[in-house]
>>> print(open('run.tsv').read())   # TSV, C-alpha atoms
chain	number	residue	atom	x	y	z
A	207	MET	CA	13.56	-13.58	-7.14
A	208	THR	CA	11.00	-14.86	-4.63
A	209	ALA	CA	7.95	-16.85	-5.58
A	210	TYR	CA	5.79	-13.73	-5.52
A	211	GLU	CA	8.09	-11.18	-7.15
A	212	PRO	CA	7.82	-10.26	-10.85
A	213	SER	CA	10.72	-11.50	-12.90
A	214	SER	CA	13.39	-9.12	-14.15
A	215	ASP	CA	13.43	-11.02	-17.46
A	216	PRO	CA	12.17	-8.62	-20.21
A	217	GLY	CA	10.26	-11.54	-21.69
A	218	ALA	CA	8.22	-11.73	-18.49
A	219	ALA	CA	7.22	-8.05	-18.55
A	220	TYR	CA	3.55	-7.39	-18.03
A	221	ASP	CA	1.02	-4.65	-18.72
A	222	ALA	CA	-2.11	-3.93	-16.72
A	223	VAL	CA	-5.63	-3.13	-17.88
A	224	VAL	CA	-7.96	-1.63	-15.26
A	225	LEU	CA	-11.67	-1.47	-16.06
A	226	ALA	CA	-13.08	1.64	-14.38
A	227	GLY	CA	-16.00	2.73	-16.52
A	228	GLY	CA	-18.94	0.81	-15.05
A	229	ALA	CA	-22.29	2.40	-14.21
A	230	ALA	CA	-22.18	1.46	-10.47
A	231	ARG	CA	-25.97	1.09	-10.38
A	232	ARG	CA	-25.96	-0.54	-6.92
A	233	LEU	CA	-24.15	2.54	-5.62
A	234	GLY	CA	-26.78	4.81	-7.08
A	235	GLY	CA	-24.67	5.69	-10.11
A	236	VAL	CA	-21.93	7.34	-8.04
A	237	ASP	CA	-18.40	7.59	-9.46
A	238	LYS	CA	-17.26	4.31	-7.85
A	239	PRO	CA	-13.56	4.47	-8.82
A	240	GLY	CA	-13.40	7.83	-7.03
A	241	VAL	CA	-14.98	6.60	-3.77
A	242	ARG	CA	-12.39	6.82	-1.00
A	243	VAL	CA	-11.47	3.96	1.29
A	244	GLY	CA	-8.77	4.67	3.83
A	245	GLY	CA	-8.34	8.17	2.43
A	246	ARG	CA	-7.54	6.94	-1.09
A	247	ALA	CA	-9.71	6.57	-4.17
A	248	LEU	CA	-10.48	2.95	-5.01
A	249	LEU	CA	-8.87	3.41	-8.42
A	250	ASP	CA	-5.65	4.72	-6.89
A	251	ARG	CA	-5.51	1.73	-4.55
A	252	VAL	CA	-5.71	-0.63	-7.53
A	253	LEU	CA	-3.11	1.36	-9.46
A	254	THR	CA	-0.72	0.97	-6.53
A	255	ALA	CA	-1.23	-2.81	-6.64
A	256	CYS	CA	-0.13	-2.99	-10.28
A	257	ALA	CA	2.65	-0.41	-10.00
A	258	GLY	CA	5.12	-2.93	-11.45
A	259	ALA	CA	3.37	-2.98	-14.83
A	260	ARG	CA	5.34	-1.71	-17.78
A	261	ASN	CA	2.24	0.12	-18.96
A	262	THR	CA	-1.08	0.57	-17.17
A	263	VAL	CA	-4.19	1.25	-19.21
A	264	VAL	CA	-7.33	2.50	-17.50
A	265	VAL	CA	-10.51	2.09	-19.51
A	266	ALA	CA	-12.63	5.06	-18.41
A	267	ASP	CA	-12.92	8.78	-18.91
A	268	PRO	CA	-9.67	10.51	-17.84
A	269	ARG	CA	-9.34	11.81	-14.29
A	270	PRO	CA	-6.51	12.74	-11.90
A	271	THR	CA	-4.71	9.64	-10.60
A	272	ALA	CA	-1.89	8.97	-8.16
A	273	ARG	CA	0.42	7.80	-10.95
A	274	PRO	CA	0.54	8.20	-14.74
A	275	VAL	CA	-1.60	5.86	-16.83
A	276	THR	CA	-2.75	5.45	-20.42
A	277	TRP	CA	-6.44	6.18	-20.96
A	278	ALA	CA	-8.73	4.24	-23.27
A	279	ARG	CA	-12.49	4.00	-23.89
A	280	GLU	CA	-14.67	1.39	-25.50
A	281	ASP	CA	-16.84	2.49	-28.43
A	282	PRO	CA	-19.60	3.13	-27.60
A	283	PRO	CA	-18.94	3.91	-23.91
A	284	GLY	CA	-20.76	1.56	-21.58
A	285	GLY	CA	-20.41	-1.37	-23.97
A	286	GLY	CA	-19.64	-3.83	-21.21
A	287	PRO	CA	-16.54	-5.56	-19.84
A	288	LEU	CA	-15.52	-7.40	-23.01
A	289	ALA	CA	-15.67	-4.25	-25.12
A	290	ALA	CA	-13.74	-2.39	-22.42
A	291	LEU	CA	-11.11	-5.12	-22.19
A	292	ASP	CA	-10.66	-5.09	-25.96
A	293	ALA	CA	-10.20	-1.31	-25.92
A	294	GLY	CA	-7.59	-1.57	-23.17
A	295	LEU	CA	-5.68	-4.42	-24.79
A	296	ARG	CA	-5.16	-2.33	-27.92
A	297	HIS	CA	-2.75	-0.18	-25.89
A	298	THR	CA	-0.67	-3.07	-24.52
A	299	THR	CA	2.34	-4.88	-25.96
A	300	ALA	CA	3.63	-7.10	-23.13
A	301	PRO	CA	3.18	-10.89	-23.37
A	302	TYR	CA	1.27	-10.93	-20.07
A	303	VAL	CA	-1.61	-8.75	-18.96
A	304	VAL	CA	-3.04	-8.25	-15.49
A	305	VAL	CA	-6.75	-7.43	-15.76
A	306	LEU	CA	-8.35	-5.70	-12.79
A	307	SER	CA	-11.54	-3.96	-11.82
A	308	ALA	CA	-11.26	-0.57	-10.11
A	309	ASP	CA	-13.09	-1.50	-6.90
A	310	LEU	CA	-10.64	-3.78	-5.06
A	311	PRO	CA	-9.71	-2.08	-1.76
A	312	PHE	CA	-7.51	-4.93	-0.44
A	313	LEU	CA	-5.60	-5.85	-3.58
A	314	GLY	CA	-1.85	-5.42	-3.16
A	315	GLU	CA	1.33	-5.88	-5.16
A	316	ARG	CA	1.99	-9.19	-3.44
A	317	THR	CA	-1.27	-10.67	-4.75
A	318	VAL	CA	-0.56	-9.40	-8.26
A	319	GLY	CA	2.86	-11.03	-7.95
A	320	ARG	CA	1.25	-14.33	-6.93
A	321	LEU	CA	-1.00	-14.29	-9.97
A	322	LEU	CA	1.90	-13.56	-12.31
A	323	ALA	CA	4.16	-16.17	-10.71
A	324	THR	CA	1.40	-18.77	-11.03
A	325	LEU	CA	0.96	-17.89	-14.69
A	326	TRP	CA	4.69	-17.94	-15.47
A	327	ASP	CA	5.24	-21.24	-13.69
A	328	GLY	CA	2.55	-23.08	-15.66
A	329	SER	CA	1.14	-23.43	-19.14
A	330	ALA	CA	-2.40	-22.12	-18.56
A	331	ASP	CA	-3.97	-19.18	-20.37
A	332	GLY	CA	-4.45	-17.33	-17.11
A	333	ALA	CA	-4.36	-17.30	-13.33
A	334	VAL	CA	-7.54	-16.03	-11.70
A	335	LEU	CA	-8.33	-15.17	-8.09
A	336	THR	CA	-11.25	-16.92	-6.42
A	337	ASP	CA	-13.49	-15.52	-3.69
A	338	PRO	CA	-14.37	-17.18	-0.33
A	339	ASP	CA	-17.05	-19.27	-2.08
A	340	GLY	CA	-14.59	-20.51	-4.71
A	341	ARG	CA	-16.05	-18.41	-7.53
A	342	ASP	CA	-13.77	-17.09	-10.24
A	343	GLN	CA	-13.02	-13.37	-10.23
A	344	PRO	CA	-11.93	-12.81	-13.85
A	345	LEU	CA	-11.29	-9.13	-13.19
A	346	VAL	CA	-8.59	-10.01	-10.66
A	347	ALA	CA	-6.41	-12.12	-12.90
A	348	ALA	CA	-3.25	-12.41	-14.99
A	349	TYR	CA	-3.53	-13.67	-18.56
A	350	GLN	CA	-1.46	-14.64	-21.55
A	351	ALA	CA	-2.08	-11.63	-23.81
A	352	ARG	CA	-2.25	-13.79	-26.92
A	353	ALA	CA	-5.00	-15.96	-25.35
A	354	LEU	CA	-7.11	-12.87	-24.64
A	355	ARG	CA	-6.65	-11.47	-28.13
A	356	ARG	CA	-7.43	-14.83	-29.73
A	357	GLY	CA	-10.61	-15.23	-27.68
A	358	LEU	CA	-11.79	-11.66	-28.30
A	359	ALA	CA	-11.20	-12.02	-32.05
A	360	THR	CA	-13.24	-15.23	-32.12
A	361	LEU	CA	-16.14	-13.64	-30.24
A	362	THR	CA	-16.07	-10.59	-32.51
A	363	ARG	CA	-16.38	-12.82	-35.59
A	364	GLU	CA	-19.16	-14.91	-34.05
A	365	HIS	CA	-21.27	-12.02	-32.73
A	366	GLY	CA	-20.31	-9.16	-34.99
A	367	GLY	CA	-18.93	-7.23	-32.02
A	368	LEU	CA	-18.34	-7.35	-28.29
A	369	THR	CA	-20.85	-4.82	-26.97
A	370	GLY	CA	-23.10	-6.26	-24.31
A	371	LEU	CA	-21.43	-9.68	-24.16
A	372	PRO	CA	-20.75	-11.06	-20.65
A	373	LEU	CA	-17.16	-11.67	-19.59
A	374	ARG	CA	-17.75	-15.40	-19.15
A	375	ARG	CA	-18.08	-15.75	-22.92
A	376	LEU	CA	-14.34	-15.14	-23.00
A	377	THR	CA	-13.10	-16.72	-19.79
A	378	GLY	CA	-15.26	-19.83	-20.23
A	379	GLY	CA	-13.08	-20.82	-23.20
A	380	LEU	CA	-9.74	-20.27	-21.44
A	381	ASP	CA	-7.59	-22.70	-19.47
A	382	LEU	CA	-7.37	-21.02	-16.07
A	383	THR	CA	-5.47	-21.75	-12.86
A	384	ARG	CA	-7.31	-20.77	-9.67
A	385	VAL	CA	-5.59	-18.80	-6.89
A	386	PRO	CA	-7.71	-18.56	-3.69
A	387	ASP	CA	-7.63	-15.23	-1.84
A	388	PRO	CA	-10.74	-14.29	0.15
A	389	VAL	CA	-9.40	-10.85	1.11
A	390	ALA	CA	-7.86	-9.50	-2.10
A	391	SER	CA	-10.88	-10.69	-4.10
A	392	PHE	CA	-13.24	-8.52	-2.04
A	393	ASP	CA	-14.86	-5.91	-4.29
A	394	CYS	CA	-17.12	-2.98	-3.50
A	395	ASP	CA	-20.48	-3.22	-5.25
A	396	THR	CA	-22.69	-1.67	-2.54
A	397	TRP	CA	-22.44	0.97	0.17
A	398	ASP	CA	-22.39	-1.85	2.72
A	399	ASP	CA	-19.26	-3.18	0.98
A	400	ILE	CA	-17.70	0.27	1.19
A	401	ALA	CA	-18.52	0.49	4.90
A	402	THR	CA	-17.05	-2.98	5.51
A	403	ALA	CA	-13.83	-2.05	3.71
A	404	ARG	CA	-13.47	1.21	5.63
A	405	ALA	CA	-14.04	-0.55	8.95
A	406	ARG	CA	-11.48	-3.26	8.23
A	407	ILE	CA	-8.82	-0.76	7.26
A	408	ARG	CA	-9.21	0.95	10.62
A	409	GLU	CA	-8.73	-2.27	12.57
A	410	HIS	CA	-5.63	-2.28	14.74
A	411	GLY	CA	-3.86	-4.95	12.72
A	412	HIS	CA	-4.17	-3.06	9.44
A	413	VAL	CA	-4.28	0.64	10.18
A	414	LEU	CA	-0.53	1.31	10.27
A	415	ASP	CA	0.22	-0.36	6.93
A	416	GLU	CA	-2.79	1.34	5.37
A	417	TRP	CA	-1.75	4.73	6.72
A	418	ILE	CA	1.83	4.40	5.48
A	419	SER	CA	0.61	3.35	2.03
A	420	ALA	CA	-1.80	6.28	1.90
A	421	VAL	CA	0.90	8.77	2.91
A	422	LYS	CA	3.33	7.42	0.32
A	423	ASP	CA	0.68	7.74	-2.39
A	424	GLU	CA	-0.25	11.24	-1.27
A	425	LEU	CA	3.39	12.39	-1.27
A	426	GLY	CA	4.30	10.55	-4.46
A	427	LEU	CA	6.86	8.33	-2.71
A	428	ASP	CA	7.95	4.94	-4.04
A	429	LEU	CA	9.96	3.77	-1.07
A	430	ASP	CA	9.80	0.68	1.10
A	431	VAL	CA	11.50	0.98	4.47
A	432	ASP	CA	11.58	-1.10	7.62
A	433	LYS	CA	8.76	0.32	9.75
A	434	GLY	CA	10.12	-1.51	12.78
A	435	VAL	CA	13.39	0.42	12.59
A	436	LEU	CA	11.59	3.76	12.49
A	437	LEU	CA	9.19	2.80	15.29
A	438	ASP	CA	12.08	1.67	17.47
A	439	LEU	CA	13.85	4.96	16.76
A	440	ALA	CA	10.74	6.94	17.72
A	441	ARG	CA	10.44	4.95	20.94
A	442	ASP	CA	14.09	5.51	21.85
A	443	ALA	CA	13.83	9.24	21.15
A	444	ALA	CA	10.62	9.55	23.17
A	445	HIS	CA	11.91	7.60	26.17
A	446	GLY	CA	15.54	8.66	26.14
A	447	VAL	CA	15.13	12.34	25.28
A	448	ALA	CA	11.57	13.68	25.43
A	449	ARG	CA	8.25	12.67	23.92
A	450	PRO	CA	8.20	15.47	21.29
A	451	ALA	CA	11.61	14.26	20.11
A	452	ALA	CA	10.02	11.22	18.45
A	453	PRO	CA	8.22	12.91	15.50
A	454	LEU	CA	10.95	15.52	15.07
A	455	THR	CA	13.68	12.88	15.00
A	456	THR	CA	11.91	10.73	12.43
A	457	PHE	CA	11.39	13.83	10.28
A	458	LEU	CA	15.09	14.66	10.45
A	459	VAL	CA	15.97	11.07	9.56
A	460	GLY	CA	13.82	11.32	6.45
A	461	TYR	CA	15.40	14.64	5.52
A	462	ALA	CA	18.90	13.26	6.01
A	463	ALA	CA	18.06	10.18	3.92
A	464	ALA	CA	16.79	12.40	1.10
A	465	GLN	CA	20.01	14.42	1.16
A	466	ALA	CA	21.96	11.17	0.97
A	467	GLY	CA	20.15	10.17	-2.22
A	468	GLY	CA	17.12	8.45	-0.76
A	469	GLY	CA	16.33	4.76	-0.78
A	470	PRO	CA	15.82	2.18	1.98
A	471	GLU	CA	19.57	1.99	2.68
A	472	ALA	CA	19.84	5.73	3.27
A	473	VAL	CA	16.85	5.65	5.62
A	474	ALA	CA	18.27	2.68	7.53
A	475	GLU	CA	21.67	4.34	7.95
A	476	ALA	CA	20.21	7.66	9.12
A	477	ALA	CA	17.91	5.82	11.52
A	478	ARG	CA	20.85	3.80	12.89
A	479	LYS	CA	22.84	6.94	13.63
A	480	ALA	CA	19.90	8.71	15.27
A	481	ALA	CA	19.01	5.64	17.34
A	482	ALA	CA	22.61	5.34	18.56
A	483	LEU	CA	22.55	9.01	19.54
A	484	ALA	CA	19.26	8.56	21.43
A	485	LEU	CA	20.71	5.60	23.33
A	486	ARG	CA	23.85	7.56	24.24
A	487	TRP	CA	21.65	10.42	25.43
A	488	ALA	CA	19.61	8.05	27.59
A	489	GLU	CA	22.73	6.37	28.99
A	490	GLU	CA	24.13	9.74	30.08
A	491	ALA	CA	20.90	10.58	31.88
A	492	GLU	CA	20.87	7.18	33.59
A	493	THR	CA	24.51	7.54	34.63
A	494	ASP	CA	23.94	11.00	36.08
A	495	ALA	CA	20.86	9.84	37.95
A	496	ALA	CA	22.74	6.90	39.45
A	497	LYS	CA	25.64	9.17	40.44
A	498	ASP	CA	23.30	11.62	42.15
A	499	ALA	CA	21.77	8.77	44.12
A	500	VAL	CA	25.19	7.74	45.46
A	501	GLU	CA	26.92	11.15	45.56
A	502	PRO	CA	24.36	13.83	46.39
A	503	GLY	CA	26.79	16.55	45.37
A	504	SER	CA	26.66	19.68	47.55
A	505	THR	CA	23.64	18.55	49.52
A	506	PRO	CA	24.53	18.77	53.23
A	507	THR	CA	24.84	15.47	55.13
A	508	ALA	CA	25.71	14.50	58.72
A	509	ALA	CA	29.25	13.66	57.60
A	510	GLU	CA	29.65	16.90	55.67
A	511	PRO	CA	29.02	20.14	57.62
A	512	ASP	CA	26.95	22.80	55.92
A	513	PRO	CA	29.45	25.43	54.71
A	514	THR	CA	26.89	28.23	54.82
A	515	PRO	CA	27.78	30.69	57.64
A	516	THR	CA	25.24	30.81	60.42
A	517	ALA	CA	24.71	34.53	60.04
A	518	ALA	CA	23.91	34.13	56.38
A	519	LYS	CA	21.20	31.57	56.94
A	520	PRO	CA	17.65	32.84	56.67
A	521	ASP	CA	15.60	32.83	59.83
A	522	ARG	CA	12.92	30.15	59.29
A	523	THR	CA	11.50	30.45	62.85
A	524	PRO	CA	7.80	31.26	62.71
A	525	ASP	CA	7.00	34.79	63.87
A	526	ALA	CA	5.60	34.51	67.40
A	527	GLY	CA	4.02	37.83	67.05
>>> encode(input="run.tsv", output="structure tokens")
Amino acid sequence: MTAYEPSSDPGAAYDAVVLAGGAARRLGGVDKPGVRVGGRALLDRVLTACAGARNTVVVADPRPTARPVTWAREDPPGGGPLAALDAGLRHTTAPYVVVLSADLPFLGERTVGRLLATLWDGSADGAVLTDPDGRDQPLVAAYQARALRRGLATLTREHGGLTGLPLRRLTGGLDLTRVPDPVASFDCDTWDDIATARARIREHGHVLDEWISAVKDELGLDLDVDKGVLLDLARDAAHGVARPAAPLTTFLVGYAAAQAGGGPEAVAEAARKAAALALRWAEEAETDAAKDAVEPGSTPTAAEPDPTPTAAKPDRTPDAG
């Protein structure tokens, strides 16, 4: 297990609660979880980040999502983040809970793993991400489930309910470890934020990873492969065979891997075989080209008389008229 990978110990299992029922007033009341960034709904991007959760609860009205979730709703709807969190927690049983908002375009599994690893390695009630200004982002955090339940129960007794209470009433009483991450903590509250997120995703350094993630979500694939291997294969096929061979070869590699049972190992083995074939193909072409340069074949030379009979040769003399 690496420092950022969830533990395989059943005692370290975690659930996720995603709050997706806000009013999005600064977006004009639009359905913010459904706004697309990089071709994917914001909610689906967050669900991908917490794909390792034993159970994921989304507090909002049900909608189509990229993967199965449990739906919950605070009563009454629109009761605020504490009421929503309480409603979501009622559907969880794991000792640890990752709590997320549904508007985090750059949150990934690695960051969720960092939060969980920080929580497991210490004795705090939670591990919370901080933004570039050092401010806590309590809706990008991992918590001890018992600490959340204890705090929510106390607030319910003190106030007669949770509706309308700000989230800091809960987190202010918890022992939290801070985890800085200026990128993953970026959330989309305005249309300018949406535009910034869309622009960043299309930058050269991010676009390939974003595209692969989007395609995997769209096709329902849960598969991590070495992109470098596939790109090298495409290059070899394009240069050693013909440019259209690149996409067709990578398609056939994927098909062969699926027939072999799927998985990164099957993809790597199919790619290795196809790459070796492309190199052999290129080597043959190079060998033939070199041979033709040294041995022109049947091309007439000064040392090799032209075997074509004189009478059979076409008359290439211009017509004098």
>>> residues_around(input="run.tsv", residues="A:Val305", least_positions_apart="3", cutoff="10 Å", atoms="only C-alpha atoms", output="mmCIF file with C-alpha atoms, in the frame of the given file")
data_model
loop_
_atom_site.group_PDB
_atom_site.id
_atom_site.type_symbol
_atom_site.label_atom_id
_atom_site.label_comp_id
_atom_site.auth_asym_id
_atom_site.auth_seq_id
_atom_site.Cartn_x
_atom_site.Cartn_y
_atom_site.Cartn_z
ATOM 1 C CA ASP A 221 1.020 -4.650 -18.720
ATOM 2 C CA ALA A 222 -2.110 -3.930 -16.720
ATOM 3 C CA VAL A 223 -5.630 -3.130 -17.880
ATOM 4 C CA VAL A 224 -7.960 -1.630 -15.260
ATOM 5 C CA LEU A 225 -11.670 -1.470 -16.060
ATOM 6 C CA CYS A 256 -0.130 -2.990 -10.280
ATOM 7 C CA THR A 262 -1.080 0.570 -17.170
ATOM 8 C CA VAL A 263 -4.190 1.250 -19.210
ATOM 9 C CA LEU A 291 -11.110 -5.120 -22.190
ATOM 10 C CA GLY A 294 -7.590 -1.570 -23.170
ATOM 11 C CA LEU A 295 -5.680 -4.420 -24.790
ATOM 12 C CA TYR A 302 1.270 -10.930 -20.070
ATOM 13 C CA ALA A 308 -11.260 -0.570 -10.110
ATOM 14 C CA VAL A 318 -0.560 -9.400 -8.260
ATOM 15 C CA VAL A 334 -7.540 -16.030 -11.700
ATOM 16 C CA PRO A 344 -11.930 -12.810 -13.850
ATOM 17 C CA LEU A 345 -11.290 -9.130 -13.190
ATOM 18 C CA VAL A 346 -8.590 -10.010 -10.660
ATOM 19 C CA ALA A 347 -6.410 -12.120 -12.900
ATOM 20 C CA ALA A 348 -3.250 -12.410 -14.990
ATOM 21 C CA TYR A 349 -3.530 -13.670 -18.560
#
>>> closest_residue(input="run.tsv", among="A:Val389, A:Ile407, A:Leu382, A:Val265", to="A:Ser419", atoms="all atoms listed in the file")
A:Ile407
>>> closest_residue(input="run.tsv", among="A:Tyr461, A:Trp487, A:Phe312, A:Tyr220", to="A:Trp326", atoms="only C-alpha atoms")
A:Tyr220
>>> atom_distance(input="run.tsv", atom1="atom CA of A:Arg374", atom2="atom CA of A:Ala323")
23.5 Å
>>> closest_residue(input="run.tsv", among="A:Ile400, A:Val385, A:Ala472, A:Ala266", to="A:Pro338", atoms="all atoms listed in the file")
A:Val385
>>> atom_distance(input="run.tsv", atom1="atom CA of A:Glu475", atom2="atom CA of A:Leu437")
14.6 Å
>>> closest_residue(input="run.tsv", among="A:Arg316, A:Arg352, A:Arg406, A:Lys479", to="A:Ala255", atoms="only C-alpha atoms")
A:Arg316
>>> atom_distance(input="run.tsv", atom1="atom CA of A:Thr369", atom2="atom CA of A:Asp395")
21.8 Å
>>> closest_residue(input="run.tsv", among="A:Ala359, A:Cys394, A:Leu335, A:Ala488", to="A:Leu249", atoms="all atoms listed in the file")
A:Cys394
>>> closest_residue(input="run.tsv", among="A:Arg408, A:Leu288, A:Lys238, A:Thr298", to="A:Gly357", atoms="all atoms listed in the file")
A:Leu288
>>> residues_around(input="run.tsv", residues="A:Pro388", least_positions_apart="3", cutoff="12 Å", atoms="all atoms listed in the file", output="list in words")
Leu310, Phe312, Leu313, Thr317, Leu335, Thr336, Asp337, Pro338, Asp339, Gly340, Arg341, Asp342, Gln343, Val346, Val385, Ser391, Phe392 and Asp393 of chain A
>>> build_atoms(input="run.tsv", residues="stretch 271-289 of chain A", atoms="N, CA, C and O atoms", output="PDB file, keeping the file's coordinate frame")
ATOM      1  N   THR A 271      -5.064  10.893 -11.272  1.00  0.00           N
ATOM      2  CA  THR A 271      -4.710   9.640 -10.600  1.00  0.00           C
ATOM      3  C   THR A 271      -3.367   9.804  -9.897  1.00  0.00           C
ATOM      4  O   THR A 271      -2.596  10.719 -10.196  1.00  0.00           O
ATOM      5  N   ALA A 272      -3.104   8.879  -8.962  1.00  0.00           N
ATOM      6  CA  ALA A 272      -1.890   8.970  -8.160  1.00  0.00           C
ATOM      7  C   ALA A 272      -0.637   8.720  -8.970  1.00  0.00           C
ATOM      8  O   ALA A 272       0.446   9.157  -8.602  1.00  0.00           O
ATOM      9  N   ARG A 273      -0.739   8.011 -10.092  1.00  0.00           N
ATOM     10  CA  ARG A 273       0.420   7.800 -10.950  1.00  0.00           C
ATOM     11  C   ARG A 273      -0.013   7.829 -12.411  1.00  0.00           C
ATOM     12  O   ARG A 273      -1.197   7.615 -12.725  1.00  0.00           O
ATOM     13  N   PRO A 274       0.911   8.080 -13.329  1.00  0.00           N
ATOM     14  CA  PRO A 274       0.540   8.200 -14.740  1.00  0.00           C
ATOM     15  C   PRO A 274      -0.002   6.895 -15.308  1.00  0.00           C
ATOM     16  O   PRO A 274       0.482   5.816 -14.997  1.00  0.00           O
ATOM     17  N   VAL A 275      -1.013   7.018 -16.160  1.00  0.00           N
ATOM     18  CA  VAL A 275      -1.600   5.860 -16.830  1.00  0.00           C
ATOM     19  C   VAL A 275      -1.924   6.239 -18.270  1.00  0.00           C
ATOM     20  O   VAL A 275      -1.897   7.417 -18.647  1.00  0.00           O
ATOM     21  N   THR A 276      -2.234   5.238 -19.070  1.00  0.00           N
ATOM     22  CA  THR A 276      -2.750   5.450 -20.420  1.00  0.00           C
ATOM     23  C   THR A 276      -4.263   5.293 -20.367  1.00  0.00           C
ATOM     24  O   THR A 276      -4.774   4.339 -19.766  1.00  0.00           O
ATOM     25  N   TRP A 277      -4.977   6.216 -20.999  1.00  0.00           N
ATOM     26  CA  TRP A 277      -6.440   6.180 -20.960  1.00  0.00           C
ATOM     27  C   TRP A 277      -6.993   5.594 -22.247  1.00  0.00           C
ATOM     28  O   TRP A 277      -6.461   5.827 -23.334  1.00  0.00           O
ATOM     29  N   ALA A 278      -8.065   4.828 -22.108  1.00  0.00           N
ATOM     30  CA  ALA A 278      -8.730   4.240 -23.270  1.00  0.00           C
ATOM     31  C   ALA A 278     -10.234   4.245 -22.996  1.00  0.00           C
ATOM     32  O   ALA A 278     -10.671   4.425 -21.853  1.00  0.00           O
ATOM     33  N   ARG A 279     -11.019   4.047 -24.052  1.00  0.00           N
ATOM     34  CA  ARG A 279     -12.490   4.000 -23.890  1.00  0.00           C
ATOM     35  C   ARG A 279     -13.064   3.087 -24.954  1.00  0.00           C
ATOM     36  O   ARG A 279     -12.673   3.144 -26.121  1.00  0.00           O
ATOM     37  N   GLU A 280     -13.985   2.236 -24.533  1.00  0.00           N
ATOM     38  CA  GLU A 280     -14.670   1.390 -25.500  1.00  0.00           C
ATOM     39  C   GLU A 280     -15.637   2.235 -26.340  1.00  0.00           C
ATOM     40  O   GLU A 280     -16.050   3.311 -25.913  1.00  0.00           O
ATOM     41  N   ASP A 281     -15.960   1.751 -27.520  1.00  0.00           N
ATOM     42  CA  ASP A 281     -16.840   2.490 -28.430  1.00  0.00           C
ATOM     43  C   ASP A 281     -18.002   1.570 -28.834  1.00  0.00           C
ATOM     44  O   ASP A 281     -17.774   0.562 -29.510  1.00  0.00           O
ATOM     45  N   PRO A 282     -19.227   1.945 -28.379  1.00  0.00           N
ATOM     46  CA  PRO A 282     -19.600   3.130 -27.600  1.00  0.00           C
ATOM     47  C   PRO A 282     -19.294   2.926 -26.117  1.00  0.00           C
ATOM     48  O   PRO A 282     -19.214   1.781 -25.654  1.00  0.00           O
ATOM     49  N   PRO A 283     -19.155   4.029 -25.352  1.00  0.00           N
ATOM     50  CA  PRO A 283     -18.940   3.910 -23.910  1.00  0.00           C
ATOM     51  C   PRO A 283     -20.086   3.147 -23.248  1.00  0.00           C
ATOM     52  O   PRO A 283     -21.248   3.269 -23.659  1.00  0.00           O
ATOM     53  N   GLY A 284     -19.739   2.346 -22.249  1.00  0.00           N
ATOM     54  CA  GLY A 284     -20.760   1.560 -21.580  1.00  0.00           C
ATOM     55  C   GLY A 284     -21.074   0.268 -22.304  1.00  0.00           C
ATOM     56  O   GLY A 284     -22.114  -0.345 -22.044  1.00  0.00           O
ATOM     57  N   GLY A 285     -20.161  -0.164 -23.175  1.00  0.00           N
ATOM     58  CA  GLY A 285     -20.410  -1.370 -23.970  1.00  0.00           C
ATOM     59  C   GLY A 285     -20.180  -2.672 -23.233  1.00  0.00           C
ATOM     60  O   GLY A 285     -20.338  -3.741 -23.819  1.00  0.00           O
ATOM     61  N   GLY A 286     -19.816  -2.603 -21.966  1.00  0.00           N
ATOM     62  CA  GLY A 286     -19.640  -3.830 -21.210  1.00  0.00           C
ATOM     63  C   GLY A 286     -18.182  -4.213 -21.040  1.00  0.00           C
ATOM     64  O   GLY A 286     -17.284  -3.636 -21.660  1.00  0.00           O
ATOM     65  N   PRO A 287     -17.911  -5.205 -20.180  1.00  0.00           N
ATOM     66  CA  PRO A 287     -16.540  -5.560 -19.840  1.00  0.00           C
ATOM     67  C   PRO A 287     -15.707  -6.095 -20.997  1.00  0.00           C
ATOM     68  O   PRO A 287     -14.511  -5.819 -21.074  1.00  0.00           O
ATOM     69  N   LEU A 288     -16.307  -6.864 -21.897  1.00  0.00           N
ATOM     70  CA  LEU A 288     -15.520  -7.400 -23.010  1.00  0.00           C
ATOM     71  C   LEU A 288     -15.105  -6.285 -23.963  1.00  0.00           C
ATOM     72  O   LEU A 288     -13.958  -6.255 -24.435  1.00  0.00           O
ATOM     73  N   ALA A 289     -16.018  -5.378 -24.255  1.00  0.00           N
ATOM     74  CA  ALA A 289     -15.670  -4.250 -25.120  1.00  0.00           C
ATOM     75  C   ALA A 289     -14.613  -3.380 -24.460  1.00  0.00           C
ATOM     76  O   ALA A 289     -13.691  -2.890 -25.115  1.00  0.00           O
TER      77      ALA A 289
END
